Structures are given as C-alpha cells and as structure tokens.
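Text of work.cif (mmCIF, C-alpha atoms and all ligand atoms; chains and numbers go by the auth columns) as supplied:
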data_protein
loop_
_atom_site.group_PDB
_atom_site.id
_atom_site.type_symbol
_atom_site.label_atom_id
_atom_site.label_comp_id
_atom_site.label_asym_id
_atom_site.label_seq_id
_atom_site.Cartn_x
_atom_site.Cartn_y
_atom_site.Cartn_z
_atom_site.B_iso_or_equiv
_atom_site.auth_seq_id
_atom_site.auth_asym_id
ATOM 1 C CA MET A 1 5.358 -0.418 16.808 0.00 1 A
ATOM 2 C CA GLY A 2 1.757 0.358 15.999 0.00 2 A
ATOM 3 C CA ILE A 3 -0.450 3.398 16.286 0.00 3 A
ATOM 4 C CA THR A 4 -4.216 3.219 16.285 0.00 4 A
ATOM 5 C CA GLY A 5 -7.322 5.106 17.309 0.00 5 A
ATOM 6 C CA GLY A 6 -10.934 5.312 16.269 0.00 6 A
ATOM 7 C CA ILE A 7 -12.191 7.491 13.445 0.00 7 A
ATOM 8 C CA GLY A 8 -11.381 11.146 14.147 0.00 8 A
ATOM 9 C CA SER A 9 -9.215 10.364 17.183 0.00 9 A
ATOM 10 C CA GLY A 10 -6.254 12.078 15.504 0.00 10 A
ATOM 11 C CA LYS A 11 -4.034 9.051 14.864 0.00 11 A
ATOM 12 C CA SER A 12 -2.832 10.426 11.493 0.00 12 A
ATOM 13 C CA THR A 13 -2.037 13.755 13.142 0.00 13 A
ATOM 14 C CA VAL A 14 -0.058 12.028 15.912 0.00 14 A
ATOM 15 C CA ALA A 15 1.683 9.727 13.396 0.00 15 A
ATOM 16 C CA GLN A 16 2.752 12.864 11.516 0.00 16 A
ATOM 17 C CA ILE A 17 4.530 14.125 14.648 0.00 17 A
ATOM 18 C CA PHE A 18 6.437 10.814 14.921 0.00 18 A
ATOM 19 C CA SER A 19 7.311 11.195 11.266 0.00 19 A
ATOM 20 C CA ILE A 20 8.770 14.661 11.955 0.00 20 A
ATOM 21 C CA LEU A 21 10.971 12.982 14.599 0.00 21 A
ATOM 22 C CA GLY A 22 12.352 10.767 11.821 0.00 22 A
ATOM 23 C CA ILE A 23 10.185 7.709 12.478 0.00 23 A
ATOM 24 C CA PRO A 24 8.918 6.203 9.217 0.00 24 A
ATOM 25 C CA VAL A 25 5.155 5.623 9.221 0.00 25 A
ATOM 26 C CA TYR A 26 3.441 2.841 7.268 0.00 26 A
ATOM 27 C CA HIS A 27 -0.135 3.925 6.503 0.00 27 A
ATOM 28 C CA ALA A 28 -1.797 0.504 6.567 0.00 28 A
ATOM 29 C CA ASP A 29 -5.279 1.683 5.571 0.00 29 A
ATOM 30 C CA ASP A 30 -4.051 3.527 2.449 0.00 30 A
ATOM 31 C CA ARG A 31 -1.651 0.730 1.615 0.00 31 A
ATOM 32 C CA ALA A 32 -4.391 -1.916 1.987 0.00 32 A
ATOM 33 C CA LYS A 33 -6.539 -0.025 -0.537 0.00 33 A
ATOM 34 C CA TRP A 34 -3.570 0.173 -2.911 0.00 34 A
ATOM 35 C CA LEU A 35 -2.814 -3.541 -2.543 0.00 35 A
ATOM 36 C CA MET A 36 -6.455 -4.485 -3.110 0.00 36 A
ATOM 37 C CA THR A 37 -6.141 -2.869 -6.540 0.00 37 A
ATOM 38 C CA ASN A 38 -2.546 -3.696 -7.415 0.00 38 A
ATOM 39 C CA ASP A 39 -1.711 -7.064 -5.839 0.00 39 A
ATOM 40 C CA THR A 40 -2.857 -9.573 -8.450 0.00 40 A
ATOM 41 C CA GLY A 41 -3.136 -12.519 -6.036 0.00 41 A
ATOM 42 C CA LEU A 42 -5.235 -10.525 -3.573 0.00 42 A
ATOM 43 C CA LYS A 43 -7.413 -9.105 -6.347 0.00 43 A
ATOM 44 C CA THR A 44 -8.110 -12.609 -7.684 0.00 44 A
ATOM 45 C CA LYS A 45 -9.170 -13.816 -4.232 0.00 45 A
ATOM 46 C CA ILE A 46 -11.461 -10.809 -3.672 0.00 46 A
ATOM 47 C CA LEU A 47 -13.082 -11.416 -7.063 0.00 47 A
ATOM 48 C CA GLU A 48 -13.563 -15.100 -6.232 0.00 48 A
ATOM 49 C CA VAL A 49 -15.141 -14.414 -2.847 0.00 49 A
ATOM 50 C CA PHE A 50 -17.047 -11.155 -3.399 0.00 50 A
ATOM 51 C CA GLY A 51 -17.731 -11.369 -7.126 0.00 51 A
ATOM 52 C CA GLU A 52 -17.268 -9.244 -10.249 0.00 52 A
ATOM 53 C CA LYS A 53 -18.912 -6.193 -8.678 0.00 53 A
ATOM 54 C CA SER A 54 -15.858 -5.766 -6.424 0.00 54 A
ATOM 55 C CA TYR A 55 -14.014 -3.991 -9.278 0.00 55 A
ATOM 56 C CA SER A 56 -15.063 -1.648 -12.053 0.00 56 A
ATOM 57 C CA ASP A 57 -14.560 -2.510 -15.732 0.00 57 A
ATOM 58 C CA LYS A 58 -11.325 -0.529 -15.527 0.00 58 A
ATOM 59 C CA GLY A 59 -10.127 -2.700 -12.637 0.00 59 A
ATOM 60 C CA GLU A 60 -10.619 -0.060 -9.952 0.00 60 A
ATOM 61 C CA LEU A 61 -11.657 -1.232 -6.501 0.00 61 A
ATOM 62 C CA ASN A 62 -15.406 -0.727 -5.918 0.00 62 A
ATOM 63 C CA ARG A 63 -15.107 0.418 -2.322 0.00 63 A
ATOM 64 C CA THR A 64 -18.786 1.365 -2.067 0.00 64 A
ATOM 65 C CA PHE A 65 -19.873 -2.141 -3.069 0.00 65 A
ATOM 66 C CA LEU A 66 -17.389 -3.891 -0.763 0.00 66 A
ATOM 67 C CA ALA A 67 -18.246 -1.582 2.130 0.00 67 A
ATOM 68 C CA SER A 68 -21.957 -2.337 1.690 0.00 68 A
ATOM 69 C CA GLU A 69 -21.170 -6.076 1.562 0.00 69 A
ATOM 70 C CA VAL A 70 -19.187 -6.166 4.798 0.00 70 A
ATOM 71 C CA PHE A 71 -20.815 -3.393 6.814 0.00 71 A
ATOM 72 C CA GLY A 72 -22.556 -4.829 9.880 0.00 72 A
ATOM 73 C CA ASN A 73 -21.765 -8.389 8.751 0.00 73 A
ATOM 74 C CA ILE A 74 -19.175 -9.876 11.106 0.00 74 A
ATOM 75 C CA GLU A 75 -18.553 -12.994 9.009 0.00 75 A
ATOM 76 C CA LYS A 76 -17.929 -11.029 5.824 0.00 76 A
ATOM 77 C CA THR A 77 -15.794 -8.488 7.693 0.00 77 A
ATOM 78 C CA GLN A 78 -13.659 -11.331 9.045 0.00 78 A
ATOM 79 C CA LEU A 79 -13.503 -12.864 5.600 0.00 79 A
ATOM 80 C CA ILE A 80 -12.199 -9.724 3.893 0.00 80 A
ATOM 81 C CA ASN A 81 -9.765 -9.151 6.754 0.00 81 A
ATOM 82 C CA SER A 82 -8.476 -12.717 6.368 0.00 82 A
ATOM 83 C CA LEU A 83 -7.762 -12.010 2.688 0.00 83 A
ATOM 84 C CA VAL A 84 -6.283 -8.525 3.039 0.00 84 A
ATOM 85 C CA HIS A 85 -4.424 -8.809 6.347 0.00 85 A
ATOM 86 C CA PRO A 86 -1.722 -11.361 5.345 0.00 86 A
ATOM 87 C CA VAL A 87 -0.888 -9.320 2.231 0.00 87 A
ATOM 88 C CA VAL A 88 -0.616 -6.076 4.208 0.00 88 A
ATOM 89 C CA LYS A 89 1.446 -7.872 6.871 0.00 89 A
ATOM 90 C CA ALA A 90 3.958 -9.115 4.288 0.00 90 A
ATOM 91 C CA ASP A 91 4.052 -5.717 2.584 0.00 91 A
ATOM 92 C CA PHE A 92 4.646 -3.971 5.939 0.00 92 A
ATOM 93 C CA GLU A 93 7.432 -6.385 6.903 0.00 93 A
ATOM 94 C CA ALA A 94 9.221 -5.908 3.565 0.00 94 A
ATOM 95 C CA TRP A 95 8.871 -2.118 3.901 0.00 95 A
ATOM 96 C CA ALA A 96 10.128 -2.197 7.530 0.00 96 A
ATOM 97 C CA LEU A 97 13.280 -4.082 6.516 0.00 97 A
ATOM 98 C CA ASP A 98 14.182 -1.208 4.186 0.00 98 A
ATOM 99 C CA GLN A 99 13.988 1.451 6.923 0.00 99 A
ATOM 100 C CA LYS A 100 17.113 2.662 8.704 0.00 100 A
ATOM 101 C CA SER A 101 15.476 4.227 11.799 0.00 101 A
ATOM 102 C CA ALA A 102 15.525 2.974 15.406 0.00 102 A
ATOM 103 C CA TYR A 103 11.929 1.793 14.990 0.00 103 A
ATOM 104 C CA VAL A 104 8.981 2.170 12.612 0.00 104 A
ATOM 105 C CA LEU A 105 5.276 2.788 13.106 0.00 105 A
ATOM 106 C CA LYS A 106 2.360 0.972 11.512 0.00 106 A
ATOM 107 C CA GLU A 107 -0.689 3.235 11.502 0.00 107 A
ATOM 108 C CA ALA A 108 -4.056 1.498 11.213 0.00 108 A
ATOM 109 C CA ALA A 109 -7.624 2.189 12.336 0.00 109 A
ATOM 110 C CA LEU A 110 -8.257 -1.495 13.069 0.00 110 A
ATOM 111 C CA LEU A 111 -4.957 -2.622 14.564 0.00 111 A
ATOM 112 C CA PHE A 112 -6.624 -4.741 17.264 0.00 112 A
ATOM 113 C CA GLU A 113 -9.616 -5.837 15.219 0.00 113 A
ATOM 114 C CA THR A 114 -7.390 -7.389 12.502 0.00 114 A
ATOM 115 C CA GLY A 115 -5.030 -9.108 14.947 0.00 115 A
ATOM 116 C CA SER A 116 -2.189 -6.905 13.696 0.00 116 A
ATOM 117 C CA ALA A 117 -1.448 -5.556 17.199 0.00 117 A
ATOM 118 C CA GLU A 118 -0.190 -8.969 18.310 0.00 118 A
ATOM 119 C CA GLU A 119 2.551 -8.794 15.666 0.00 119 A
ATOM 120 C CA LEU A 120 3.926 -5.490 17.017 0.00 120 A
ATOM 121 C CA ASP A 121 6.263 -4.785 19.956 0.00 121 A
ATOM 122 C CA PHE A 122 4.357 -1.751 21.258 0.00 122 A
ATOM 123 C CA VAL A 123 0.974 -0.240 20.507 0.00 123 A
ATOM 124 C CA ILE A 124 0.040 3.412 20.953 0.00 124 A
ATOM 125 C CA THR A 125 -3.648 4.360 21.114 0.00 125 A
ATOM 126 C CA VAL A 126 -4.777 7.880 20.352 0.00 126 A
ATOM 127 C CA SER A 127 -7.882 8.622 22.360 0.00 127 A
ATOM 128 C CA SER A 128 -10.413 11.459 22.188 0.00 128 A
ATOM 129 C CA PRO A 129 -13.957 11.903 23.503 0.00 129 A
ATOM 130 C CA LEU A 130 -16.667 10.722 21.079 0.00 130 A
ATOM 131 C CA ARG A 131 -18.238 14.170 20.675 0.00 131 A
ATOM 132 C CA VAL A 132 -14.888 15.731 19.736 0.00 132 A
ATOM 133 C CA ARG A 133 -14.233 12.943 17.203 0.00 133 A
ATOM 134 C CA ILE A 134 -17.623 13.333 15.564 0.00 134 A
ATOM 135 C CA ASN A 135 -17.189 17.108 15.297 0.00 135 A
ATOM 136 C CA ARG A 136 -13.698 16.721 13.779 0.00 136 A
ATOM 137 C CA ILE A 137 -14.962 14.311 11.122 0.00 137 A
ATOM 138 C CA LEU A 138 -17.980 16.484 10.289 0.00 138 A
ATOM 139 C CA LEU A 139 -15.520 19.334 9.710 0.00 139 A
ATOM 140 C CA ARG A 140 -12.971 17.240 7.777 0.00 140 A
ATOM 141 C CA ASP A 141 -15.396 15.154 5.671 0.00 141 A
ATOM 142 C CA PRO A 142 -18.424 17.321 4.797 0.00 142 A
ATOM 143 C CA HIS A 143 -19.908 14.432 2.738 0.00 143 A
ATOM 144 C CA ARG A 144 -20.443 12.391 5.912 0.00 144 A
ATOM 145 C CA ASN A 145 -23.307 12.874 8.368 0.00 145 A
ATOM 146 C CA GLU A 146 -23.436 12.105 12.068 0.00 146 A
ATOM 147 C CA GLU A 147 -25.381 8.888 11.544 0.00 147 A
ATOM 148 C CA GLN A 148 -22.731 7.495 9.168 0.00 148 A
ATOM 149 C CA ILE A 149 -19.942 8.454 11.565 0.00 149 A
ATOM 150 C CA ASN A 150 -21.739 6.745 14.468 0.00 150 A
ATOM 151 C CA ALA A 151 -22.194 3.604 12.350 0.00 151 A
ATOM 152 C CA ILE A 152 -18.405 3.488 11.744 0.00 152 A
ATOM 153 C CA ILE A 153 -17.707 4.092 15.446 0.00 153 A
ATOM 154 C CA ASP A 154 -20.009 1.174 16.326 0.00 154 A
ATOM 155 C CA GLN A 155 -17.846 -1.143 14.169 0.00 155 A
ATOM 156 C CA GLN A 156 -14.654 -0.167 16.012 0.00 156 A
ATOM 157 C CA LEU A 157 -13.405 -1.419 19.358 0.00 157 A
ATOM 158 C CA PRO A 158 -14.284 1.123 22.108 0.00 158 A
ATOM 159 C CA ASP A 159 -11.436 3.387 23.314 0.00 159 A
ATOM 160 C CA GLU A 160 -11.436 1.840 26.809 0.00 160 A
ATOM 161 C CA GLU A 161 -10.766 -1.580 25.301 0.00 161 A
ATOM 162 C CA LYS A 162 -8.009 -0.248 23.024 0.00 162 A
ATOM 163 C CA ILE A 163 -6.381 1.552 25.959 0.00 163 A
ATOM 164 C CA LYS A 164 -6.393 -1.618 28.084 0.00 164 A
ATOM 165 C CA ARG A 165 -4.506 -3.445 25.353 0.00 165 A
ATOM 166 C CA SER A 166 -2.025 -0.619 24.597 0.00 166 A
ATOM 167 C CA ASP A 167 1.433 0.182 25.873 0.00 167 A
ATOM 168 C CA PHE A 168 1.001 3.963 25.471 0.00 168 A
ATOM 169 C CA VAL A 169 -1.920 6.363 25.197 0.00 169 A
ATOM 170 C CA VAL A 170 -1.954 9.808 23.596 0.00 170 A
ATOM 171 C CA LYS A 171 -4.886 11.911 24.811 0.00 171 A
ATOM 172 C CA ASN A 172 -5.930 14.161 21.972 0.00 172 A
ATOM 173 C CA VAL A 173 -8.123 16.678 23.782 0.00 173 A
ATOM 174 C CA ASP A 174 -7.983 20.466 23.704 0.00 174 A
ATOM 175 C CA ASN A 175 -6.259 20.890 27.054 0.00 175 A
ATOM 176 C CA LYS A 176 -3.460 18.372 26.298 0.00 176 A
ATOM 177 C CA LEU A 177 -0.619 19.245 23.941 0.00 177 A
ATOM 178 C CA LEU A 178 0.283 16.495 21.493 0.00 178 A
ATOM 179 C CA ILE A 179 3.991 17.186 20.941 0.00 179 A
ATOM 180 C CA PRO A 180 5.136 16.707 24.591 0.00 180 A
ATOM 181 C CA GLN A 181 3.115 13.467 24.792 0.00 181 A
ATOM 182 C CA VAL A 182 4.684 12.150 21.571 0.00 182 A
ATOM 183 C CA LEU A 183 8.192 13.159 22.681 0.00 183 A
ATOM 184 C CA GLY A 184 7.692 11.332 26.000 0.00 184 A
ATOM 185 C CA ILE A 185 6.608 8.118 24.263 0.00 185 A
ATOM 186 C CA HIS A 186 9.401 8.396 21.678 0.00 186 A
ATOM 187 C CA GLN A 187 12.010 8.695 24.455 0.00 187 A
ATOM 188 C CA LYS A 188 10.546 5.727 26.346 0.00 188 A
ATOM 189 C CA ILE A 189 10.579 3.542 23.222 0.00 189 A
ATOM 190 C CA LEU A 190 14.200 4.538 22.466 0.00 190 A
ATOM 191 C CA ALA A 191 15.222 3.778 26.068 0.00 191 A
ATOM 192 C CA THR A 192 13.564 0.341 25.862 0.00 192 A
ATOM 193 C CA LEU A 193 15.342 -0.435 22.603 0.00 193 A
ATOM 194 C CA LYS A 194 18.728 0.471 24.126 0.00 194 A
ATOM 195 C CA LYS A 195 18.293 -2.076 26.957 0.00 195 A
HETATM 196 P P1 LIG B . -9.442 8.640 10.422 0.00 201 B
HETATM 197 O O1 LIG B . -9.543 7.331 11.142 0.00 201 B
HETATM 198 O O2 LIG B . -10.758 9.107 9.924 0.00 201 B
HETATM 199 O O3 LIG B . -8.397 8.656 9.357 0.00 201 B
HETATM 200 P P2 LIG B . -7.679 9.943 12.309 0.00 201 B
HETATM 201 O O4 LIG B . -7.798 9.255 13.630 0.00 201 B
HETATM 202 O O5 LIG B . -6.491 9.614 11.488 0.00 201 B
HETATM 203 O O6 LIG B . -9.023 9.758 11.494 0.00 201 B
HETATM 204 P P3 LIG B . -6.967 12.692 11.907 0.00 201 B
HETATM 205 O O7 LIG B . -7.205 12.669 10.445 0.00 201 B
HETATM 206 O O8 LIG B . -5.585 12.778 12.425 0.00 201 B
HETATM 207 O O9 LIG B . -7.736 11.480 12.625 0.00 201 B
HETATM 208 O O10 LIG B . -7.821 13.856 12.601 0.00 201 B
HETATM 209 C C1 LIG B . -9.178 14.090 12.231 0.00 201 B
HETATM 210 C C2 LIG B . -9.362 15.585 11.946 0.00 201 B
HETATM 211 O O11 LIG B . -9.234 16.289 13.179 0.00 201 B
HETATM 212 C C3 LIG B . -8.310 16.164 11.005 0.00 201 B
HETATM 213 O O12 LIG B . -8.920 17.131 10.187 0.00 201 B
HETATM 214 C C4 LIG B . -7.291 16.799 11.960 0.00 201 B
HETATM 215 O O13 LIG B . -6.621 17.881 11.373 0.00 201 B
HETATM 216 C C5 LIG B . -8.169 17.239 13.113 0.00 201 B
HETATM 217 N N1 LIG B . -7.473 17.178 14.400 0.00 201 B
HETATM 218 C C6 LIG B . -6.929 16.096 14.970 0.00 201 B
HETATM 219 N N2 LIG B . -6.370 16.407 16.154 0.00 201 B
HETATM 220 C C7 LIG B . -6.563 17.723 16.331 0.00 201 B
HETATM 221 C C8 LIG B . -6.211 18.646 17.361 0.00 201 B
HETATM 222 N N3 LIG B . -5.559 18.276 18.468 0.00 201 B
HETATM 223 N N4 LIG B . -6.570 19.934 17.195 0.00 201 B
HETATM 224 C C9 LIG B . -7.241 20.321 16.097 0.00 201 B
HETATM 225 N N5 LIG B . -7.603 19.512 15.083 0.00 201 B
HETATM 226 C C10 LIG B . -7.282 18.232 15.198 0.00 201 B
#

Could you take the file, read its structure, and then write that structure out as structure tokens?
Ligand code: ATP
Amino acid sequence: MGITGGIGSGKSTVAQIFSILGIPVYHADDRAKWLMTNDTGLKTKILEVFGEKSYSDKGELNRTFLASEVFGNIEKTQLINSLVHPVVKADFEAWALDQKSAYVLKEAALLFETGSAEELDFVITVSSPLRVRINRILLRDPHRNEEQINAIIDQQLPDEEKIKRSDFVVKNVDNKLLIPQVLGIHQKILATLKK
C-alpha cells in the first residue's frame, strides 16, 4: 500500500498513526536520499549524468545543486526519477519481504509522479487545504518562505488529481479527527486482504 500527499498535507503524521497500529512504514523520500549517497551503482550514474558537483569532496550528496538542476525542468526531473526510482523500488521490495505484518505502507511525496503508485495495491492520499499546508510548513520549517513552498506545490500533482487516482482519502483539516479515519481505512484494508 502507498501513502502520499503534497507538502504539509500531514502524510508523515498519518503514516505515524498506521505505524502505531503495527503497520511498518517505508519512508521512500528519506530512503531515496540515503540510497543516493550509499548505493554505489546509483551514485555512479548520478555522477555520470549530473556531473562532479552532485557530490561533495567527502562524497556527500549535494542536494542544493541537484535541486537547482532539476527544479522546473521536466526532462531533468524525469531523468533523475528514472535513475533513483528503480533503486528505491528494489530496496522497498526487499524491505517489504522482511516484514511480518498484514500489509506495509510506502510513504512518498511523489507516489503518482514517479509511477510508484501503479506498483501498489492501494493508495491513500492525505489531503488538506493549500492555506493550511502553507501555514504548517512555515511553522515547521522556519528557513522556508511562502514563495519557496508555493514553488514546491506547483511541482506536485494537485490534490484533486491525487484523490481521483486513490483508493482512500484522509482529510487532514481541523474539524476532522485523524485517528478514526485511519482506523476505518485500516479495517477496510484488512477486510479486503481476508477475502
Ligand atoms: P512533507 O511533505 O513536507 O514531509 P508531510 O505531508 O509529511 O510534509 P507532516 O510533516 O506530517 O506533513 O505535517 C506537516 C506539519 O504539520 C508537521 O509539523 C505536523 O506536526 C503538522 N501537522 C500535520 N497534521 C496536523 C494536524 N492535524 N494538526 C496539527 N498539526 C499538524
């Protein structure tokens, strides 16, 4: 299963609730960053395609450089995704095989954009109004300004599109409690798996 949502939608918060229910969560965005530094094959390809500036002298990923390379450039975004995605996919599948739970969750900001959603049985989208998301991120990440947050939002698939392509939606707005929504989805997934 997959869980996604735009920046500040609350997908990590919702994934944490699933985790409390005993569902292992694979944090694809964190894991991708780790693999980009530690998977030798992937690192070699990134160096070949994006050049020496992609890593520091110490071999650390130069995220600022890579972000500036791909930001707003669809071809380069697709190119980096085509390098990183297969490695993350294989890593996720190996990790999933090790889990003993009824199902597992892959959490990623760009589940649809990378084509990852098609490899999963169910997708959950966490949705929140844009204004709420921007305010949450301003509070959580004081180094970011509204313009930067809007630029990231513009790169992501709109909520309506994500919802259309999802099996379940969690509405993360003030008047809706998260835990009952997560419990409802968890029960439905378990019931489907029993069939
Ligand atoms: P990103 O894509 O940037 O990682 P995200 O979708 O994973 O974001 P979270 O990190 O879960 O979002 O939430 C963003 C911020 O909003 C966090 O600081 C989180 O604690 C807060 N937040 C999320 N949902 C709620 C809520 N229902 N009530 C209060 N705070 C919330």

Evaluate the PyMOL selection byres (((not hetatm)) within 7 of (chain B and resi 201)) on the structure here and hand back the selected residues as an MDAnalysis selection string. chainID A and resid 5:14 109 136:137 139:140 172:174 178

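Between CA of Ser56 (chain A) and CA of Arg144 (chain A) there is a distance of 23.4 Å.
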
Carefully work through the PyMOL selection byres (((chain A and resi 79-90) around 9) and not hetatm) for this structure and note down the residues it includes, as a PyMOL selection string. chain A and resi 28+31-32+35-36+39+42+45-46+49-50+70+74-78+91-95+114-116+119

If you keep C-alpha atoms, can you produce a file of those selected residues as an mmCIF file, in the coordinates of the input?
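Contents of the output file part14.cif:
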data_model
loop_
_atom_site.group_PDB
_atom_site.id
_atom_site.type_symbol
_atom_site.label_atom_id
_atom_site.label_comp_id
_atom_site.auth_asym_id
_atom_site.auth_seq_id
_atom_site.Cartn_x
_atom_site.Cartn_y
_atom_site.Cartn_z
ATOM 1 C CA ALA A 28 -1.797 0.504 6.567
ATOM 2 C CA ARG A 31 -1.651 0.730 1.615
ATOM 3 C CA ALA A 32 -4.391 -1.916 1.987
ATOM 4 C CA LEU A 35 -2.814 -3.541 -2.543
ATOM 5 C CA MET A 36 -6.455 -4.485 -3.110
ATOM 6 C CA ASP A 39 -1.711 -7.064 -5.839
ATOM 7 C CA LEU A 42 -5.235 -10.525 -3.573
ATOM 8 C CA LYS A 45 -9.170 -13.816 -4.232
ATOM 9 C CA ILE A 46 -11.461 -10.809 -3.672
ATOM 10 C CA VAL A 49 -15.141 -14.414 -2.847
ATOM 11 C CA PHE A 50 -17.047 -11.155 -3.399
ATOM 12 C CA VAL A 70 -19.187 -6.166 4.798
ATOM 13 C CA ILE A 74 -19.175 -9.876 11.106
ATOM 14 C CA GLU A 75 -18.553 -12.994 9.009
ATOM 15 C CA LYS A 76 -17.929 -11.029 5.824
ATOM 16 C CA THR A 77 -15.794 -8.488 7.693
ATOM 17 C CA GLN A 78 -13.659 -11.331 9.045
ATOM 18 C CA ASP A 91 4.052 -5.717 2.584
ATOM 19 C CA PHE A 92 4.646 -3.971 5.939
ATOM 20 C CA GLU A 93 7.432 -6.385 6.903
ATOM 21 C CA ALA A 94 9.221 -5.908 3.565
ATOM 22 C CA TRP A 95 8.871 -2.118 3.901
ATOM 23 C CA THR A 114 -7.390 -7.389 12.502
ATOM 24 C CA GLY A 115 -5.030 -9.108 14.947
ATOM 25 C CA SER A 116 -2.189 -6.905 13.696
ATOM 26 C CA GLU A 119 2.551 -8.794 15.666
#

If you take every atom of region 130-149 of chain A that the file lists and fit an axis-aligned box around them with 5 Å extra on each side, what centre and edge lengths come out in Å to one decimal, as lines of an AutoDock Vina configuration file?
center_x = -19.2
center_y = 13.4
center_z = 11.9
size_x = 22.4
size_y = 21.8
size_z = 28.3

If you apply the PyMOL selection byres (((chain A and resi 162-166) around 10) and not hetatm) to this file, what residues do you get, as a ChimeraX atom specification? /A:2-6,111-113,117-118,122-127,156-161,167-170

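The residue that comes closest to Ala96 (chain A), out of A:Tyr26, A:Ser54, A:Lys171, A:Ala15 and on the basis of all atoms listed in the file, is A:Tyr26.
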
Measuring atom to atom with all atoms listed in the file, identify which of A:Asp98, A:Leu120, A:Ile149, A:Pro180 is nearest to Ile134 (chain A). A:Ile149

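Compared by their closest atoms to Leu193 (chain A), and using all atoms listed in the file, the residues A:Ala102, A:Ile20, A:Leu66, A:Lys53 rank with A:Ala102 nearest.
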
Mind giving me the straight-line distance from CA of Pro142 (chain A) to CA of Leu177 (chain A) in Å, one decimal? 26.2 Å

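Once Val104 (chain A) and its same-chain neighbours fewer than 6 positions away are set aside, A:Met1, A:Ile23, A:Pro24, A:Val25, A:Ala96 remain within 7 Å of it when counting only C-alpha atoms.
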
Output C-alpha atoms for every residue in that selection, as a short mmCIF file (atom, residue, chain, number, x, y, z; two decimals), in the coordinates of the input.
data_model
loop_
_atom_site.label_atom_id
_atom_site.label_comp_id
_atom_site.auth_asym_id
_atom_site.auth_seq_id
_atom_site.Cartn_x
_atom_site.Cartn_y
_atom_site.Cartn_z
CA MET A 1 5.36 -0.42 16.81
CA ILE A 23 10.18 7.71 12.48
CA PRO A 24 8.92 6.20 9.22
CA VAL A 25 5.16 5.62 9.22
CA ALA A 96 10.13 -2.20 7.53
#

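CA of Leu110 (chain A) lies 24.0 Å from CA of Gly22 (chain A).
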
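Of the listed residues (A:Arg133, A:His186, A:Lys106, A:His143), A:Lys106 comes nearest to Asp29 (chain A); the distances count all atoms listed in the file.
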
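Distances from A:Gln187, A:Leu97, A:Gly41, A:Ile152 to Ala67 (chain A) were compared using all atoms listed in the file, and the smallest one belongs to A:Ile152.
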
Residues at most 12 Å from Gly51 (chain A), counting only C-alpha atoms, excluding those fewer than 6 positions away in the same chain, as a ChimeraX atom specification? /A:43-45,61-62,65-66,69

Spatial neighbours of Ile179 (chain A), max dist 9 Å, only C-alpha atoms, sep filter under 3 positions, as a PDB file with C-alpha atoms, in the coordinates of the input:
ATOM      1  CA  VAL A  14      -0.058  12.028  15.912  1.00  0.00           C
ATOM      2  CA  ILE A  17       4.530  14.125  14.648  1.00  0.00           C
ATOM      3  CA  VAL A 182       4.684  12.150  21.571  1.00  0.00           C
ATOM      4  CA  LEU A 183       8.192  13.159  22.681  1.00  0.00           C
ATOM      5  CA  GLY A 184       7.692  11.332  26.000  1.00  0.00           C
TER       6      GLY A 184
END

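Shortest separation to Phe71 (chain A) among A:Ile185, A:Leu47, A:Lys33, A:Gln148 occurs at residue A:Gln148, atoms counted being only C-alpha atoms.
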